[in-house]
>>> print(open('upload.cif').read())   # mmCIF, C-alpha atoms and all ligand atoms
data_entry
loop_
_atom_site.label_atom_id
_atom_site.label_comp_id
_atom_site.auth_asym_id
_atom_site.auth_seq_id
_atom_site.Cartn_x
_atom_site.Cartn_y
_atom_site.Cartn_z
CA MET M 132 -5.65 15.73 -6.10
CA LYS M 133 -8.31 14.59 -3.70
CA ILE M 134 -6.53 14.74 -0.35
CA SER M 135 -8.75 13.50 2.45
CA GLY M 136 -6.25 13.30 5.25
CA LEU M 137 -2.80 14.30 6.45
CA MET M 138 -0.64 12.74 9.14
CA LYS M 139 1.81 15.49 9.95
CA MET M 140 4.67 13.25 11.01
CA THR M 141 5.49 9.56 10.90
CA LEU M 142 8.66 7.67 11.73
CA LEU M 143 7.16 4.36 10.60
CA ASP M 144 5.63 4.78 7.14
CA PHE M 145 8.75 5.67 5.09
CA PRO M 146 11.70 3.42 5.98
CA GLY M 147 14.64 5.44 7.32
CA GLN M 148 12.92 8.79 6.77
CA VAL M 149 10.98 11.27 8.84
CA ALA M 150 7.89 11.89 6.77
CA CYS M 151 4.32 13.07 6.62
CA THR M 152 1.58 11.00 5.00
CA VAL M 153 -1.15 12.27 2.70
CA PHE M 154 -4.21 10.10 2.15
CA THR M 155 -5.97 10.27 -1.20
CA SER M 156 -9.62 9.30 -1.43
CA GLY M 157 -11.15 6.71 -3.71
CA CYS M 158 -10.17 3.11 -4.39
CA ASN M 159 -11.05 0.49 -6.98
CA PHE M 160 -10.87 -2.33 -4.39
CA ARG M 161 -13.10 -3.11 -1.43
CA CYS M 162 -10.83 -5.24 0.76
CA PRO M 163 -13.12 -6.33 3.60
CA PHE M 164 -10.33 -5.82 6.16
CA CYS M 165 -9.50 -2.30 4.90
CA HIS M 166 -9.03 0.16 7.76
CA ASN M 167 -9.59 3.15 5.52
CA ALA M 168 -13.29 2.73 4.72
CA SER M 169 -13.71 6.49 5.08
CA LEU M 170 -11.29 6.93 2.15
CA VAL M 171 -12.75 4.13 0.03
CA LEU M 172 -16.54 3.91 0.29
CA PRO M 173 -18.27 6.82 -1.50
CA GLU M 174 -20.97 6.99 1.19
CA ARG M 175 -18.33 7.33 3.91
CA ILE M 176 -15.84 9.60 2.14
CA MET M 177 -15.68 12.85 4.03
CA SER M 178 -16.65 15.82 1.89
CA GLU M 179 -14.00 17.95 3.52
CA GLU M 180 -10.75 17.80 1.64
CA LEU M 181 -7.39 19.39 2.21
CA SER M 182 -6.61 21.65 -0.72
CA GLU M 183 -3.33 21.23 -2.55
CA ALA M 184 -2.49 24.82 -1.67
CA ASP M 185 -2.94 24.12 2.05
CA PHE M 186 -0.91 20.92 1.78
CA PHE M 187 2.01 22.66 0.07
CA ALA M 188 1.84 25.54 2.56
CA PHE M 189 2.18 22.92 5.33
CA LEU M 190 5.01 21.15 3.49
CA GLU M 191 7.02 24.30 2.92
CA LYS M 192 6.90 25.02 6.67
CA ARG M 193 8.39 21.54 7.24
CA THR M 194 11.44 22.09 5.06
CA GLY M 195 14.46 20.81 6.98
CA LEU M 196 12.21 18.96 9.45
CA LEU M 197 10.77 16.26 7.21
CA ASP M 198 12.70 14.14 4.70
CA GLY M 199 9.78 12.91 2.69
CA VAL M 200 6.12 12.45 1.92
CA CYS M 201 4.22 9.16 1.88
CA ILE M 202 1.31 9.11 -0.52
CA SER M 203 -1.28 6.60 0.60
CA GLY M 204 -4.97 5.97 0.11
CA GLY M 205 -7.32 4.79 -1.10
CA GLU M 206 -5.42 4.10 -4.29
CA PRO M 207 -3.24 7.12 -5.15
CA LEU M 208 -2.54 6.01 -8.73
CA LEU M 209 -6.22 6.54 -9.63
CA GLN M 210 -5.73 10.30 -9.22
CA SER M 211 -5.36 11.78 -12.69
CA ASP M 212 -2.88 14.43 -11.56
CA ILE M 213 -0.71 12.20 -9.39
CA ALA M 214 2.46 12.76 -11.47
CA ASP M 215 2.08 16.51 -11.32
CA PHE M 216 1.45 16.38 -7.57
CA ILE M 217 4.60 14.32 -7.00
CA ARG M 218 6.68 16.61 -9.23
CA LYS M 219 5.64 19.53 -7.01
CA ILE M 220 6.74 17.61 -3.90
CA LYS M 221 10.08 16.65 -5.46
CA ASP M 222 10.63 20.23 -6.65
CA ARG M 223 10.47 21.26 -2.99
CA GLY M 224 13.26 18.82 -2.11
CA PHE M 225 11.27 16.03 -0.45
CA LYS M 226 11.53 12.31 -1.15
CA VAL M 227 8.38 10.40 -2.06
CA LYS M 228 7.11 7.02 -0.98
CA LEU M 229 4.06 5.56 -2.72
CA ASP M 230 1.59 3.03 -1.29
CA THR M 231 -0.30 1.18 -4.03
CA ASN M 232 -2.50 -1.83 -4.60
CA GLY M 233 -0.66 -2.45 -7.87
CA SER M 234 -3.68 -2.18 -10.17
CA VAL M 235 -2.39 0.72 -12.30
CA PRO M 236 0.97 -0.48 -13.64
CA ASN M 237 1.21 1.98 -16.54
CA VAL M 238 1.17 4.92 -14.12
CA LEU M 239 3.54 3.14 -11.72
CA ARG M 240 6.00 2.56 -14.56
CA ALA M 241 5.77 6.16 -15.77
CA LEU M 242 6.44 7.53 -12.27
CA LEU M 243 9.43 5.21 -11.84
CA ASP M 244 10.80 6.03 -15.30
CA GLU M 245 10.62 9.74 -14.50
CA GLY M 246 12.52 9.22 -11.23
CA LEU M 247 9.62 10.51 -9.15
CA LEU M 248 9.54 7.71 -6.58
CA ASP M 249 12.09 6.94 -3.87
CA TYR M 250 10.29 3.98 -2.32
CA VAL M 251 7.23 1.92 -3.24
CA ALA M 252 5.11 -0.31 -0.99
CA MET M 253 2.76 -2.58 -2.90
CA ASP M 254 0.05 -4.78 -1.41
CA ILE M 255 -0.11 -8.42 -2.40
CA LYS M 256 -3.57 -9.37 -1.27
CA ASN M 257 -3.41 -13.13 -1.77
CA THR M 258 -2.77 -15.76 -4.46
CA PRO M 259 -4.05 -14.72 -7.91
CA GLU M 260 -6.87 -17.26 -7.52
CA ASP M 261 -7.94 -15.76 -4.18
CA TYR M 262 -7.71 -12.11 -5.19
CA ALA M 263 -11.44 -11.58 -5.79
CA GLU M 264 -12.49 -12.65 -2.30
CA THR M 265 -9.58 -10.86 -0.66
CA CYS M 266 -9.89 -7.52 -2.44
CA GLY M 267 -13.68 -7.59 -2.35
CA ILE M 268 -14.52 -7.16 -6.05
CA ASP M 269 -15.75 -9.74 -8.55
CA ASP M 270 -13.27 -9.35 -11.37
CA PRO M 271 -9.98 -8.03 -9.99
CA PRO M 272 -7.33 -6.99 -12.53
CA VAL M 273 -4.90 -9.76 -11.61
CA ASP M 274 -2.98 -9.39 -14.87
CA LEU M 275 -2.32 -5.72 -14.06
CA ILE M 276 -1.23 -6.59 -10.54
CA GLN M 277 1.13 -9.21 -11.93
CA GLU M 278 2.55 -6.57 -14.25
CA SER M 279 3.18 -4.24 -11.29
CA VAL M 280 4.98 -7.08 -9.50
CA ARG M 281 7.22 -7.55 -12.56
CA ILE M 282 7.89 -3.81 -12.78
CA LEU M 283 9.00 -3.61 -9.16
CA LEU M 284 11.08 -6.78 -9.28
CA SER M 285 13.08 -5.31 -12.14
CA CYS M 286 13.36 -1.69 -10.99
CA ALA M 287 16.26 -0.01 -9.19
CA VAL M 288 14.11 1.85 -6.68
CA PRO M 289 13.77 0.29 -3.19
CA PHE M 290 10.41 -1.33 -2.67
CA GLU M 291 8.49 -3.71 -0.47
CA PHE M 292 5.61 -6.07 -0.95
CA ARG M 293 3.28 -6.51 1.99
CA THR M 294 0.30 -8.63 2.87
CA THR M 295 -2.29 -8.10 5.56
CA VAL M 296 -2.80 -11.64 6.86
CA VAL M 297 -6.37 -12.48 7.89
CA ASP M 298 -7.22 -15.72 9.65
CA GLU M 299 -10.20 -16.49 7.39
CA LEU M 300 -8.42 -15.58 4.12
CA HIS M 301 -4.84 -16.82 4.42
CA ASP M 302 -3.01 -19.99 5.38
CA GLU M 303 0.47 -21.47 4.96
CA GLU M 304 -0.30 -23.06 1.59
CA LYS M 305 -1.74 -19.90 0.05
CA MET M 306 1.07 -17.78 1.38
CA SER M 307 3.64 -20.21 0.04
CA THR M 308 2.03 -19.75 -3.41
CA VAL M 309 2.20 -15.97 -2.97
CA ALA M 310 5.87 -16.22 -2.01
CA GLN M 311 6.70 -18.22 -5.14
CA TRP M 312 4.95 -15.56 -7.22
CA ILE M 313 6.99 -12.69 -5.73
CA SER M 314 10.21 -14.62 -5.31
CA GLY M 315 13.15 -12.22 -5.64
CA ALA M 316 11.51 -9.48 -3.58
CA GLN M 317 14.04 -7.51 -1.56
CA ASN M 318 11.52 -6.83 1.23
CA TYR M 319 8.32 -8.63 2.12
CA PHE M 320 6.29 -7.81 5.21
CA LEU M 321 3.48 -9.87 6.72
CA GLN M 322 1.12 -7.75 8.81
CA ASP M 323 -1.44 -9.42 11.03
CA TYR M 324 -4.97 -8.06 10.62
CA THR M 325 -6.31 -6.01 13.51
CA ASP M 326 -10.01 -5.40 13.93
CA SER M 327 -11.42 -1.88 14.10
CA ASP M 328 -14.70 0.00 13.75
CA ASN M 329 -13.56 1.51 10.47
CA VAL M 330 -13.11 -1.73 8.47
CA ILE M 331 -15.22 -2.27 5.36
CA ARG M 332 -16.69 -5.58 6.55
CA LYS M 333 -16.66 -6.81 10.11
CA GLY M 334 -16.33 -10.44 11.15
CA TYR M 335 -12.70 -11.15 10.25
CA HIS M 336 -10.05 -12.12 12.74
CA SER M 337 -6.34 -11.83 13.33
CA CYS M 338 -4.16 -14.95 13.31
CA SER M 339 -2.55 -16.54 16.32
CA ALA M 340 1.13 -15.77 16.87
CA GLN M 341 1.82 -19.41 16.09
CA LYS M 342 0.01 -19.24 12.72
CA MET M 343 1.82 -16.02 11.77
CA GLU M 344 5.20 -17.59 12.52
CA SER M 345 4.30 -20.72 10.61
CA ILE M 346 3.25 -18.58 7.61
CA ARG M 347 6.50 -16.61 7.85
CA LYS M 348 8.49 -19.83 7.73
CA ALA M 349 6.53 -21.10 4.70
CA VAL M 350 7.07 -17.78 2.91
CA ALA M 351 10.78 -17.56 3.81
CA GLU M 352 11.50 -20.67 1.73
CA TYR M 353 10.95 -18.52 -1.38
CA VAL M 354 11.44 -14.99 0.00
CA PRO M 355 14.15 -15.19 2.66
CA SER M 356 13.73 -11.51 3.55
CA ALA M 357 10.13 -12.07 4.73
CA LYS M 358 9.43 -10.52 8.11
CA LEU M 359 6.48 -10.11 10.43
CA ARG M 360 5.59 -6.45 10.93
CA GLY M 361 3.89 -4.92 13.95
CA ILE M 362 3.93 -8.13 15.96
S1 LIG M 401 -6.87 -1.94 1.70
FE1 LIG M 401 -7.96 -2.39 -0.23
S2 LIG M 401 -9.82 -1.13 -0.20
FE2 LIG M 401 -8.42 -0.32 1.35
S3 LIG M 401 -7.30 1.30 0.33
FE3 LIG M 401 -6.05 -0.55 0.15
S4 LIG M 401 -6.66 -1.48 -1.78
FE4 LIG M 401 -8.22 0.03 -1.28
#
>>> encode(input="upload.cif", output="structure tokens")
Amino acid sequence: MKISGLMKMTLLDFPGQVACTVFTSGCNFRCPFCHNASLVLPERIMSEELSEADFFAFLEKRTGLLDGVCISGGEPLLQSDIADFIRKIKDRGFKVKLDTNGSVPNVLRALLDEGLLDYVAMDIKNTPEDYAETCGIDDPPVDLIQESVRILLSCAVPFEFRTTVVDELHDEEKMSTVAQWISGAQNYFLQDYTDSDNVIRKGYHSCSAQKMESIRKAVAEYVPSAKLRGI
């Protein structure tokens, strides 16, 4: 496992659980609004990694203090030993939440089938037609992402879809199309973009509060559970 970062405690990342978050490095997308450029862009990835041994030494000291581990990225499902890593976490009695961009459905399905995941958060970047611009690569694997959506919609494990809403990339009509695509989702969160020095491409903007609310209303017609997050 390539672990590039560790947040020792979070009350926000894993719903209802006190958790730590490990950040894996490397991603197959280049979302311009990504806040984790130092985990995504090879030229910015920090050479210093946390070894698995050090991570598990940390985790064992947190037994009884933490409920779970969030695995975020980058894209964690690109790590060839992700299943083994999660088994080791579960063997120590911790729950696991996975953050994913949904582009590796065969691994997602295998982890779910083995009972290794307790919660999944999957990004929905935009409508299928707008995926390329929004995830920053020319030929995004939209069919694989659609397969991951189907897997989650039919699985028994709690999950959420989430979209980072960017003024230049999203509007009510597009988000209504997204909502029809993921209709049936038990949880859907709309997060307004916030600018930072660590984004992959500068020049994007957050939406007005009025636009976010109007998008939420458009989405709620098809996904009544849709909520704004962090606003
Ligand atoms: S926001 Fe995009 S580029 Fe950044 S880690 Fe997630 S999928 Fe990869």
>>> closest_residue(input="upload.cif", among="M:Glu352, M:Glu183, M:Asp244, M:Glu264", to="ligand LIG 401 (chain M)", atoms="only C-alpha atoms and all ligand atoms")
M:Glu264
>>> residues_near_ligand(input="upload.cif", ligand="ligand LIG 401 (chain M)", cutoff="8 Å", atoms="all atoms listed in the file", output="PyMOL selection string")
chain M and resi 157-168+170-171+204-206+231-232+254+266-267+331
>>> residues_around(input="upload.cif", residues="Lys342 of chain M", least_positions_apart="4", cutoff="8 Å", atoms="all atoms listed in the file", output="PyMOL selection string")
chain M and resi 302+338+346
>>> residues_around(input="upload.cif", residues="segment 187-191 of chain M", least_positions_apart="5", cutoff="12 Å", atoms="only C-alpha atoms", output="list in words")
Ile134, Leu137, Met138, Lys139, Met140, Ala150, Cys151, Thr152, Val153, Leu181, Ser182, Leu196, Leu197, Asp198, Gly199, Val200, Phe216, Ile217, Lys219, Ile220, Lys221, Asp222, Arg223, Gly224, Phe225 and Lys226 of chain M
>>> atom_distance(input="upload.cif", atom1="atom CA of Ala349 of chain M", atom2="atom CA of Ser279 of chain M")
23.5 Å
>>> residues_around(input="upload.cif", residues="Glu304 of chain M", least_positions_apart="5", cutoff="12 Å", atoms="all atoms listed in the file", output="count of residues only")
12
>>> closest_residue(input="upload.cif", among="M:Gly334, M:Pro146, M:Gly195, M:Gly233", to="Phe292 of chain M", atoms="all atoms listed in the file")
M:Gly233
>>> closest_residue(input="upload.cif", among="M:Arg218, M:Lys228, M:Arg332, M:Arg281", to="Asp249 of chain M", atoms="all atoms listed in the file")
M:Lys228
>>> atom_distance(input="upload.cif", atom1="atom CA of Ile255 of chain M", atom2="atom CA of Val296 of chain M")
10.2 Å
>>> atom_distance(input="upload.cif", atom1="atom CA of Met306 of chain M", atom2="atom CA of Met253 of chain M")
15.9 Å
>>> closest_residue(input="upload.cif", among="M:Leu283, M:Val227, M:Ala340, M:Ile276", to="Ser203 of chain M", atoms="all atoms listed in the file")
M:Val227
>>> residues_around(input="upload.cif", residues="Val273 of chain M", least_positions_apart="5", cutoff="8 Å", atoms="only C-alpha atoms", output="list in words")
Ser234, Pro259 and Tyr262 of chain M
>>> closest_residue(input="upload.cif", among="M:Leu300, M:Leu209, M:Val280, M:Val288", to="Asp261 of chain M", atoms="only C-alpha atoms")
M:Leu300
>>> closest_residue(input="upload.cif", among="M:Asp298, M:Asp215, M:Glu260, M:Glu291", to="Pro272 of chain M", atoms="all atoms listed in the file")
M:Glu260
>>> build_atoms(input="upload.cif", residues="segment 181-206 of chain M", atoms="N, CA and C atoms", output="CSV table (one decimal), keeping the file's coordinate frame")
chain,number,residue,atom,x,y,z
M,181,LEU,N,-8.5,18.4,2.0
M,181,LEU,CA,-7.4,19.4,2.2
M,181,LEU,C,-7.0,19.8,0.8
M,182,SER,N,-7.0,21.2,0.6
M,182,SER,CA,-6.6,21.6,-0.7
M,182,SER,C,-5.1,21.4,-0.9
M,183,GLU,N,-4.8,21.3,-2.2
M,183,GLU,CA,-3.3,21.2,-2.6
M,183,GLU,C,-2.6,22.4,-2.0
M,184,ALA,N,-3.2,23.6,-2.1
M,184,ALA,CA,-2.5,24.8,-1.7
M,184,ALA,C,-2.2,24.7,-0.2
M,185,ASP,N,-3.2,24.2,0.6
M,185,ASP,CA,-2.9,24.1,2.0
M,185,ASP,C,-1.9,23.1,2.3
M,186,PHE,N,-1.9,22.0,1.6
M,186,PHE,CA,-0.9,20.9,1.8
M,186,PHE,C,0.5,21.5,1.5
M,187,PHE,N,0.7,22.2,0.4
M,187,PHE,CA,2.0,22.7,0.1
M,187,PHE,C,2.4,23.8,1.0
M,188,ALA,N,1.5,24.5,1.5
M,188,ALA,CA,1.8,25.5,2.6
M,188,ALA,C,2.4,24.8,3.8
M,189,PHE,N,1.7,23.7,4.2
M,189,PHE,CA,2.2,22.9,5.3
M,189,PHE,C,3.6,22.4,5.0
M,190,LEU,N,3.7,21.8,3.8
M,190,LEU,CA,5.0,21.2,3.5
M,190,LEU,C,6.2,22.1,3.5
M,191,GLU,N,5.9,23.3,3.0
M,191,GLU,CA,7.0,24.3,2.9
M,191,GLU,C,7.5,24.7,4.3
M,192,LYS,N,6.5,24.7,5.3
M,192,LYS,CA,6.9,25.0,6.7
M,192,LYS,C,7.7,23.9,7.3
M,193,ARG,N,7.7,22.7,6.7
M,193,ARG,CA,8.4,21.5,7.2
M,193,ARG,C,9.7,21.3,6.6
M,194,THR,N,10.1,22.2,5.7
M,194,THR,CA,11.4,22.1,5.1
M,194,THR,C,12.5,22.0,6.1
M,195,GLY,N,13.4,21.0,6.0
M,195,GLY,CA,14.5,20.8,7.0
M,195,GLY,C,14.0,20.0,8.2
M,196,LEU,N,12.7,19.8,8.3
M,196,LEU,CA,12.2,19.0,9.4
M,196,LEU,C,11.8,17.6,9.0
M,197,LEU,N,11.2,17.5,7.8
M,197,LEU,CA,10.8,16.3,7.2
M,197,LEU,C,11.7,15.9,6.0
M,198,ASP,N,11.9,14.6,5.9
M,198,ASP,CA,12.7,14.1,4.7
M,198,ASP,C,11.8,13.9,3.5
M,199,GLY,N,10.6,13.4,3.8
M,199,GLY,CA,9.8,12.9,2.7
M,199,GLY,C,8.3,12.9,2.9
M,200,VAL,N,7.6,12.5,1.9
M,200,VAL,CA,6.1,12.4,1.9
M,200,VAL,C,5.7,11.0,1.5
M,201,CYS,N,4.8,10.4,2.3
M,201,CYS,CA,4.2,9.2,1.9
M,201,CYS,C,2.9,9.5,1.3
M,202,ILE,N,2.6,8.9,0.1
M,202,ILE,CA,1.3,9.1,-0.5
M,202,ILE,C,0.6,7.8,-0.4
M,203,SER,N,-0.5,7.8,0.3
M,203,SER,CA,-1.3,6.6,0.6
M,203,SER,C,-2.7,6.8,0.2
M,204,GLY,N,-3.6,5.8,0.5
M,204,GLY,CA,-5.0,6.0,0.1
M,204,GLY,C,-5.9,5.2,1.0
M,205,GLY,N,-7.0,4.8,0.3
M,205,GLY,CA,-7.3,4.8,-1.1
M,205,GLY,C,-6.2,4.2,-2.0
M,206,GLU,N,-6.4,4.5,-3.3
M,206,GLU,CA,-5.4,4.1,-4.3
M,206,GLU,C,-4.9,5.4,-5.0
